[in-house]
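Single-structure report; data block below.
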Amino acid sequence: MHNIAYSRLGGLQKSLTLYRKVPWWDKILEPDSEFVVRWNLIFLVTCLFALFIDPLYFYLIIIGGPGCMRFNTRLGIVITFFRTIVDFFSLFHISMKFRTAFVAPNSRVFGRGDLVMDPSAIAMRYLKKDFLIDLAATLPLPQIVIWFVLPALKNPSASHANHTLALIVLIQYAPRLFVIFPLNRQINKTTGAIAKTAWAGAAYNLLLYLLASHVIGAAWYVASIQRQDECWKLECRKEMNKTHSPSCKPIFLDCESLDKPERKAWLRSTHVLTNCDAFNDEKNFEFGMFADAFTDEVASAVFYEKYFYCLWFGLKSLSAYGQNLTTSTYSGEILFSIVICSMGLVLFSHLIGQVQSYLQSTTARLEQWRVKRRDTEEWMTHRQLPLHLQERVRRFVQYKWIATRGVDEESILRSLPLDLRRQIQRHLSLALVRRVPFFAQMDAQLLDAICERLVSSLNTKDTFLTREGDPVNEMLFIIRGQLESSTTNGGRSGFFNSITLRPGDFCGEELLTWALVPTPSLNFPSSTRTVKSLTEVEAFALRAEDLKFVASQFKRLHSKKLQHAFRYYSHQWRTWGSCFIQAAWRRYVKRKLAMELARQEELYYTNILDQDHHSSHGNEMMVGSEGVGETSSTHGSSKTTITTNNKKQNLGITMLASKFAANTRRGVHQKLAALGPDAASLKMPKLFKPDEPDFSAFQDDN
């Protein structure tokens, strides 16, 4: 029992060890994870900032007085602070690369490849590949030189600091620049592009060009200071060789000796400042392209004025390919001019090309649309289309561009996975589809199937979407605009029905009846209506094959509830219902008029017979009073005469009744004619009920 308990406890401890949360410093990061992608973007900005910071070291040496240079300590502290922060970012980037997995080269045959998650393999690969460059870019060499090496020298001077600092910064600038290239490549591999928009890409390339101008301007400034220092040293050596009292000393060229009496005495008698003055036309020393730094008093100006002047000089020189430079015969100056000319040619061409590419990407579809419209115009002119057709074509092309901006939405959706395509279609069309009352009766699964197969349909004004008698190959569900739907019931004379379809309505319902038939024919159903657009119309189209697929896969479409909803919202069924009610009303009016005519005829005949009966009874009374004293033979003769007279009177009454009935019918027809042509023609064209699908083959899901 104890052994079993201990074994179970050991297994539990092992499971807890396996499922224990790993600290973040022990995790192996995937190269395309969200954290690594964001860090690469942050470090790219940091590298650009480092490339901006390093040339600022060139501005630390300034002209501090007449004939001397000094070190700008305040500016050095600020630059050192920001440079140290950048170095910490670089150090963290190095530590991250020791924990970032890589794709095995031999696994790239198919797909993205397999990630190598072994820490030792990651470390060995990084040490062999990029570690030395990253380490050289991270070392704080300028800080060490400024704050530790130069103060430790026995006789430090601003001239020595200038030369040493410029050399160190230039040496370390190369690895700092090389770090950006693999970083750019990694960002492009994981995200596709550094800049997400065309304007951001153009701004990024312009920033790189300004950064190059900043470097050129700073290098021009430090070269100008060195050129000035070289002139001072040359003239100082000349005074040392001559019998000049007091003699020039190299220490006098440093502003640390500015308050010494012997330097003040030397300053009153020396010709160093005069011979090294850029304004002096008689000087023997040529400043060449660096003369502007002294004639414009850039070397002695405050920092921000100095910086912006140097930035403008670098931008001007790169943009003009160095053609604005006036050089001397000094070899270093000529080489510097060649570098400026070459860099300007390459960088300016790269800037123009990149900016043009980014800006053209924003107008590429517009240009394609212009070319397509020009081709359409040439084709219409070549085919000699009528003016009204040309105008309709132009209106359609313009309307389609406004609605889609030249984007082929169907091709984009077809290239996506099924689930993603279904979710996008649901997001784009579900809310609009629910505005159609017929679709509002469906459940979510059936709506998803329909939304997945809906395609957009754009129609301009006065476009016939379908004509009466043409085959119907799609159902249209109106989102915006108005359509006119009319019918003549197969071309029958005297019949015309027209309705207006608005957003939420649909047309082409004959196709739904065709799709719900268990064994439909291969031929599409014929349209019973003519549909014409009254305005610009945006709609969703459900094609015949898609509707048939939905009807065969989802039996809910055969439910009685949807059947009644379809009949209620179908304008074809509404037209049949209104015509049926109108025909029933007219039949009722006809029966009512016939019954009224029969009643009037019966009343007339009754009055005539009553009058005849009363007159016959009066005649009999008169004959009886006159023949009281006559004989029996005379009585027989009178009886025969009275019978003949009664037959003649009945014949006259019948003729009068027929004539009255004819006059009465003529009056009824005149009265109907006065009511209108619809009431005058009691027979109306019969509009058959729309074809109904055979629902007996399917059971109601409910």
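A note on labels: chains of the structure tokens are A, B, ... as shown, every chain counts residues from 1, and ligands are counted from 1 in their shown order.
DSSP secondary structure from the backbone places Ile61, Ile62, Ile63, Gly64, Gly65, Cys68, Met69, Arg70, Phe71, Thr100, Phe102, Val103, Leu115 and Val116 of chain A of stretch 60-214 of chain A in strand (DSSP E or B).
Omitting stretch 452-454 of chain A and its sequence neighbours fewer than 4 positions away, and counting only C-alpha atoms, the residues within 9 Å are Arg421, Arg422, Gln423, Ile424, Gln425, Arg426, Ser429, Leu447, Asp448, Phe540, Ala541, Leu542, Arg543, Asp546 and Leu547 of chain A.
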Report as CSV the residues of stretch 190-218 of chain A within 10 Å of stretch 341-347 of chain A, each with its shortest atom pair and distance in Å (one decimal), using only C-alpha atoms, ordered by chain and increasing residue number.
```
residue,atom,partner,partner_atom,distance
A:Asn205,CA,A:Leu347,CA,9.7
A:Leu208,CA,A:Leu347,CA,8.9
A:Tyr209,CA,A:Leu347,CA,6.7
A:Ala212,CA,A:Leu347,CA,8.3
A:Ser213,CA,A:Gly344,CA,9.1
A:Ile216,CA,A:Met343,CA,9.6
```
message = According to DSSP computed on the backbone, where in stretch 107-274 of chain A is there alpha helix (DSSP H)? Give the residues as an MDAnalysis selection string.
response = chainID A and resid 119:129 131:138 141:144 150:152 158:191 198:241 261:269 272:274
File dump, residues just selected, C-alpha atoms, as a short mmCIF file (atom, residue, chain, number, x, y, z; two decimals), in the first residue's frame:
```cif
data_model
loop_
_atom_site.label_atom_id
_atom_site.label_comp_id
_atom_site.auth_asym_id
_atom_site.auth_seq_id
_atom_site.Cartn_x
_atom_site.Cartn_y
_atom_site.Cartn_z
CA PRO A 119 18.37 26.19 -27.15
CA SER A 120 21.87 24.89 -27.83
CA ALA A 121 21.23 24.64 -31.57
CA ILE A 122 19.78 28.16 -31.59
CA ALA A 123 22.77 29.53 -29.69
CA MET A 124 25.33 27.84 -31.95
CA ARG A 125 23.62 29.09 -35.08
CA TYR A 126 23.46 32.66 -33.75
CA LEU A 127 27.10 32.66 -32.59
CA LYS A 128 28.24 31.53 -36.02
CA LYS A 129 26.08 33.91 -37.99
CA PHE A 131 26.53 37.55 -33.07
CA LEU A 132 29.77 39.39 -33.89
CA ILE A 133 28.02 42.11 -35.88
CA ASP A 134 25.39 42.61 -33.18
CA LEU A 135 28.08 42.73 -30.48
CA ALA A 136 30.15 45.29 -32.42
CA ALA A 137 27.06 47.45 -32.86
CA THR A 138 26.18 47.19 -29.15
CA LEU A 141 32.79 52.60 -27.56
CA PRO A 142 32.08 56.36 -27.82
CA GLN A 143 31.09 56.55 -24.14
CA ILE A 144 34.25 54.73 -23.11
CA LEU A 150 40.51 60.80 -23.07
CA PRO A 151 40.52 61.99 -19.45
CA ALA A 152 43.22 59.37 -18.68
CA ALA A 158 40.19 68.98 -28.19
CA SER A 159 42.04 68.16 -31.39
CA HIS A 160 42.92 64.68 -30.16
CA ALA A 161 39.37 64.15 -28.93
CA ASN A 162 38.01 65.22 -32.30
CA HIS A 163 40.15 62.81 -34.29
CA THR A 164 39.68 59.88 -31.92
CA LEU A 165 35.95 60.34 -31.53
CA ALA A 166 35.36 60.70 -35.26
CA LEU A 167 37.35 57.55 -35.94
CA ILE A 168 35.50 55.49 -33.32
CA VAL A 169 32.05 56.63 -34.47
CA LEU A 170 32.81 55.93 -38.12
CA ILE A 171 34.17 52.47 -37.30
CA GLN A 172 31.11 51.50 -35.25
CA TYR A 173 28.65 53.09 -37.66
CA ALA A 174 29.21 50.31 -40.21
CA PRO A 175 27.97 47.39 -38.00
CA ARG A 176 25.08 49.53 -36.75
CA LEU A 177 24.07 50.06 -40.36
CA PHE A 178 24.45 46.37 -41.24
CA VAL A 179 22.14 45.33 -38.38
CA ILE A 180 19.21 46.96 -40.19
CA PHE A 181 19.41 44.78 -43.31
CA PRO A 182 18.66 41.35 -41.72
CA LEU A 183 16.10 43.07 -39.51
CA ASN A 184 14.33 44.47 -42.57
CA ARG A 185 14.45 41.08 -44.21
CA GLN A 186 12.96 39.38 -41.14
CA ILE A 187 10.13 41.92 -40.89
CA ASN A 188 9.30 41.56 -44.58
CA LYS A 189 9.27 37.78 -44.22
CA THR A 190 6.88 37.71 -41.26
CA THR A 191 4.57 40.66 -42.01
CA ALA A 198 1.64 53.47 -49.49
CA TRP A 199 2.02 56.80 -47.72
CA ALA A 200 3.79 55.15 -44.79
CA GLY A 201 6.20 53.48 -47.23
CA ALA A 202 6.92 56.79 -48.95
CA ALA A 203 7.49 58.48 -45.58
CA TYR A 204 9.84 55.67 -44.50
CA ASN A 205 12.01 56.05 -47.58
CA LEU A 206 12.04 59.82 -47.20
CA LEU A 207 13.16 59.37 -43.59
CA LEU A 208 16.07 57.21 -44.74
CA TYR A 209 17.06 59.90 -47.22
CA LEU A 210 16.95 62.56 -44.51
CA LEU A 211 19.04 60.29 -42.30
CA ALA A 212 21.69 60.09 -45.03
CA SER A 213 21.58 63.91 -45.32
CA HIS A 214 22.04 64.14 -41.55
CA VAL A 215 25.15 61.92 -41.71
CA ILE A 216 26.64 63.89 -44.61
CA GLY A 217 26.02 67.19 -42.82
CA ALA A 218 27.63 65.98 -39.58
CA ALA A 219 30.63 64.58 -41.47
CA TRP A 220 30.99 67.89 -43.33
CA TYR A 221 30.98 69.78 -40.02
CA VAL A 222 33.63 67.62 -38.35
CA ALA A 223 35.76 67.76 -41.50
CA SER A 224 35.46 71.56 -41.45
CA ILE A 225 36.66 71.67 -37.84
CA GLN A 226 39.57 69.39 -38.68
CA ARG A 227 40.42 71.54 -41.68
CA GLN A 228 40.46 74.63 -39.46
CA ASP A 229 42.64 72.85 -36.90
CA GLU A 230 45.03 71.75 -39.63
CA CYS A 231 45.44 75.36 -40.82
CA TRP A 232 46.09 76.58 -37.28
CA LYS A 233 48.72 73.91 -36.67
CA LEU A 234 50.42 74.68 -40.00
CA GLU A 235 50.69 78.40 -39.23
CA CYS A 236 51.72 77.63 -35.65
CA ARG A 237 54.63 75.51 -36.86
CA LYS A 238 55.71 78.36 -39.13
CA GLU A 239 55.85 80.76 -36.18
CA MET A 240 57.77 78.24 -34.10
CA ASN A 241 60.48 77.99 -36.75
CA PRO A 261 48.95 85.22 -19.82
CA GLU A 262 51.44 83.84 -22.30
CA ARG A 263 48.60 82.82 -24.64
CA LYS A 264 47.10 86.28 -24.37
CA ALA A 265 50.46 87.79 -25.28
CA TRP A 266 50.81 85.38 -28.18
CA LEU A 267 47.32 86.18 -29.38
CA ARG A 268 48.15 89.91 -29.63
CA SER A 269 51.13 89.34 -31.93
CA VAL A 272 47.75 82.51 -37.20
CA LEU A 273 44.22 83.85 -37.01
CA THR A 274 44.72 86.19 -39.97
#
```
request  = Please measure the separation of atom CA of A:Phe89 and atom CA of A:Leu44, giving the value in Å to one decimal.
outcome  = 10.5 Å
inquiry  = Using only C-alpha atoms, which protein or nucleic acid residues come within 9 Å of A:Thr329? Drop anything in the same chain fewer than 5 positions from it, and give the result as a ChimeraX atom specification.
reply    = /A:286,288,334
Limited to N, CA, C and O atoms, could you put the picked residues into a file as a PDB file, in the first residue's frame?
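Result file follows (selection_35.pdb):
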```pdb
ATOM      1  N   GLU A 286      43.655  76.949 -48.572  1.00  0.00           N
ATOM      2  CA  GLU A 286      42.371  76.833 -49.254  1.00  0.00           C
ATOM      3  C   GLU A 286      41.430  75.933 -48.448  1.00  0.00           C
ATOM      4  O   GLU A 286      41.727  74.764 -48.199  1.00  0.00           O
ATOM      5  N   GLY A 288      38.246  75.381 -49.485  1.00  0.00           N
ATOM      6  CA  GLY A 288      37.441  74.648 -50.445  1.00  0.00           C
ATOM      7  C   GLY A 288      35.970  74.585 -50.054  1.00  0.00           C
ATOM      8  O   GLY A 288      35.323  75.596 -49.743  1.00  0.00           O
ATOM      9  N   ILE A 334      38.534  66.081 -51.943  1.00  0.00           N
ATOM     10  CA  ILE A 334      38.068  65.551 -53.224  1.00  0.00           C
ATOM     11  C   ILE A 334      37.410  64.184 -53.031  1.00  0.00           C
ATOM     12  O   ILE A 334      36.358  63.894 -53.618  1.00  0.00           O
TER      13      ILE A 334
END
```
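What separates atom CA of A:Met69 from atom CA of A:Asp254 is a distance of 5.2 Å.
Here atom CA of A:Phe549 is placed at a distance of 28.8 Å from atom CA of A:Thr463.
Taking only C-alpha atoms into account, A:Ile479 lies nearest to A:Phe506 out of the set A:Phe506, A:Phe102, A:Phe303, A:Phe35.
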Who sits within 12 Å of A:Ala403, only C-alpha atoms, same chain under 3 positions skipped, as number ranges by chain = A: 396-400, 406-409, 456-460, 480, 536-539
Take the residues just selected and output them with N, CA and C atoms as a PDB file, in the first residue's frame.
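part_36.pdb was written with the following content:
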```pdb
ATOM      1  N   PHE A 396     -22.754  52.809 -66.698  1.00  0.00           N
ATOM      2  CA  PHE A 396     -22.516  51.555 -65.974  1.00  0.00           C
ATOM      3  C   PHE A 396     -21.067  51.454 -65.510  1.00  0.00           C
ATOM      4  N   VAL A 397     -20.120  51.798 -66.355  1.00  0.00           N
ATOM      5  CA  VAL A 397     -18.706  51.729 -65.980  1.00  0.00           C
ATOM      6  C   VAL A 397     -18.419  52.673 -64.814  1.00  0.00           C
ATOM      7  N   GLN A 398     -18.984  53.876 -64.862  1.00  0.00           N
ATOM      8  CA  GLN A 398     -18.784  54.833 -63.780  1.00  0.00           C
ATOM      9  C   GLN A 398     -19.405  54.332 -62.477  1.00  0.00           C
ATOM     10  N   TYR A 399     -20.607  53.795 -62.577  1.00  0.00           N
ATOM     11  CA  TYR A 399     -21.296  53.318 -61.378  1.00  0.00           C
ATOM     12  C   TYR A 399     -20.575  52.114 -60.763  1.00  0.00           C
ATOM     13  N   LYS A 400     -20.059  51.224 -61.578  1.00  0.00           N
ATOM     14  CA  LYS A 400     -19.334  50.068 -61.068  1.00  0.00           C
ATOM     15  C   LYS A 400     -18.037  50.489 -60.389  1.00  0.00           C
ATOM     16  N   GLY A 406     -12.838  49.163 -58.501  1.00  0.00           N
ATOM     17  CA  GLY A 406     -12.022  48.311 -59.354  1.00  0.00           C
ATOM     18  C   GLY A 406     -11.564  47.019 -58.722  1.00  0.00           C
ATOM     19  N   VAL A 407     -12.088  46.665 -57.558  1.00  0.00           N
ATOM     20  CA  VAL A 407     -11.671  45.446 -56.859  1.00  0.00           C
ATOM     21  C   VAL A 407     -12.595  44.295 -57.258  1.00  0.00           C
ATOM     22  N   ASP A 408     -11.993  43.192 -57.673  1.00  0.00           N
ATOM     23  CA  ASP A 408     -12.754  42.000 -58.021  1.00  0.00           C
ATOM     24  C   ASP A 408     -12.991  41.206 -56.740  1.00  0.00           C
ATOM     25  N   GLU A 409     -14.136  41.425 -56.122  1.00  0.00           N
ATOM     26  CA  GLU A 409     -14.415  40.810 -54.837  1.00  0.00           C
ATOM     27  C   GLU A 409     -14.536  39.288 -54.943  1.00  0.00           C
ATOM     28  N   SER A 456     -22.803  39.929 -55.595  1.00  0.00           N
ATOM     29  CA  SER A 456     -23.305  41.290 -55.765  1.00  0.00           C
ATOM     30  C   SER A 456     -23.713  41.519 -57.220  1.00  0.00           C
ATOM     31  N   SER A 457     -24.736  42.342 -57.383  1.00  0.00           N
ATOM     32  CA  SER A 457     -25.246  42.676 -58.710  1.00  0.00           C
ATOM     33  C   SER A 457     -25.482  44.176 -58.764  1.00  0.00           C
ATOM     34  N   LEU A 458     -24.898  44.831 -59.762  1.00  0.00           N
ATOM     35  CA  LEU A 458     -25.025  46.275 -59.949  1.00  0.00           C
ATOM     36  C   LEU A 458     -25.718  46.545 -61.276  1.00  0.00           C
ATOM     37  N   ASN A 459     -26.698  47.424 -61.255  1.00  0.00           N
ATOM     38  CA  ASN A 459     -27.449  47.752 -62.454  1.00  0.00           C
ATOM     39  C   ASN A 459     -27.726  49.249 -62.475  1.00  0.00           C
ATOM     40  N   THR A 460     -27.521  49.846 -63.635  1.00  0.00           N
ATOM     41  CA  THR A 460     -27.777  51.273 -63.781  1.00  0.00           C
ATOM     42  C   THR A 460     -29.234  51.514 -64.157  1.00  0.00           C
ATOM     43  N   ARG A 480     -30.580  48.340 -52.524  1.00  0.00           N
ATOM     44  CA  ARG A 480     -30.783  49.774 -52.743  1.00  0.00           C
ATOM     45  C   ARG A 480     -31.343  49.968 -54.144  1.00  0.00           C
ATOM     46  N   GLU A 536     -30.392  53.535 -60.044  1.00  0.00           N
ATOM     47  CA  GLU A 536     -29.255  52.638 -59.853  1.00  0.00           C
ATOM     48  C   GLU A 536     -29.600  51.628 -58.758  1.00  0.00           C
ATOM     49  N   VAL A 537     -29.360  50.374 -59.035  1.00  0.00           N
ATOM     50  CA  VAL A 537     -29.815  49.297 -58.159  1.00  0.00           C
ATOM     51  C   VAL A 537     -28.610  48.473 -57.710  1.00  0.00           C
ATOM     52  N   GLU A 538     -28.515  48.269 -56.388  1.00  0.00           N
ATOM     53  CA  GLU A 538     -27.568  47.337 -55.805  1.00  0.00           C
ATOM     54  C   GLU A 538     -28.360  46.181 -55.214  1.00  0.00           C
ATOM     55  N   ALA A 539     -27.981  44.990 -55.572  1.00  0.00           N
ATOM     56  CA  ALA A 539     -28.741  43.820 -55.139  1.00  0.00           C
ATOM     57  C   ALA A 539     -27.804  42.636 -54.961  1.00  0.00           C
TER      58      ALA A 539
END
```
remark   = One residue among A:Ile62, A:Asp259, A:Gly508, A:Gly322 is nearest to A:Glu297 when using only C-alpha atoms, and that residue is A:Ile62
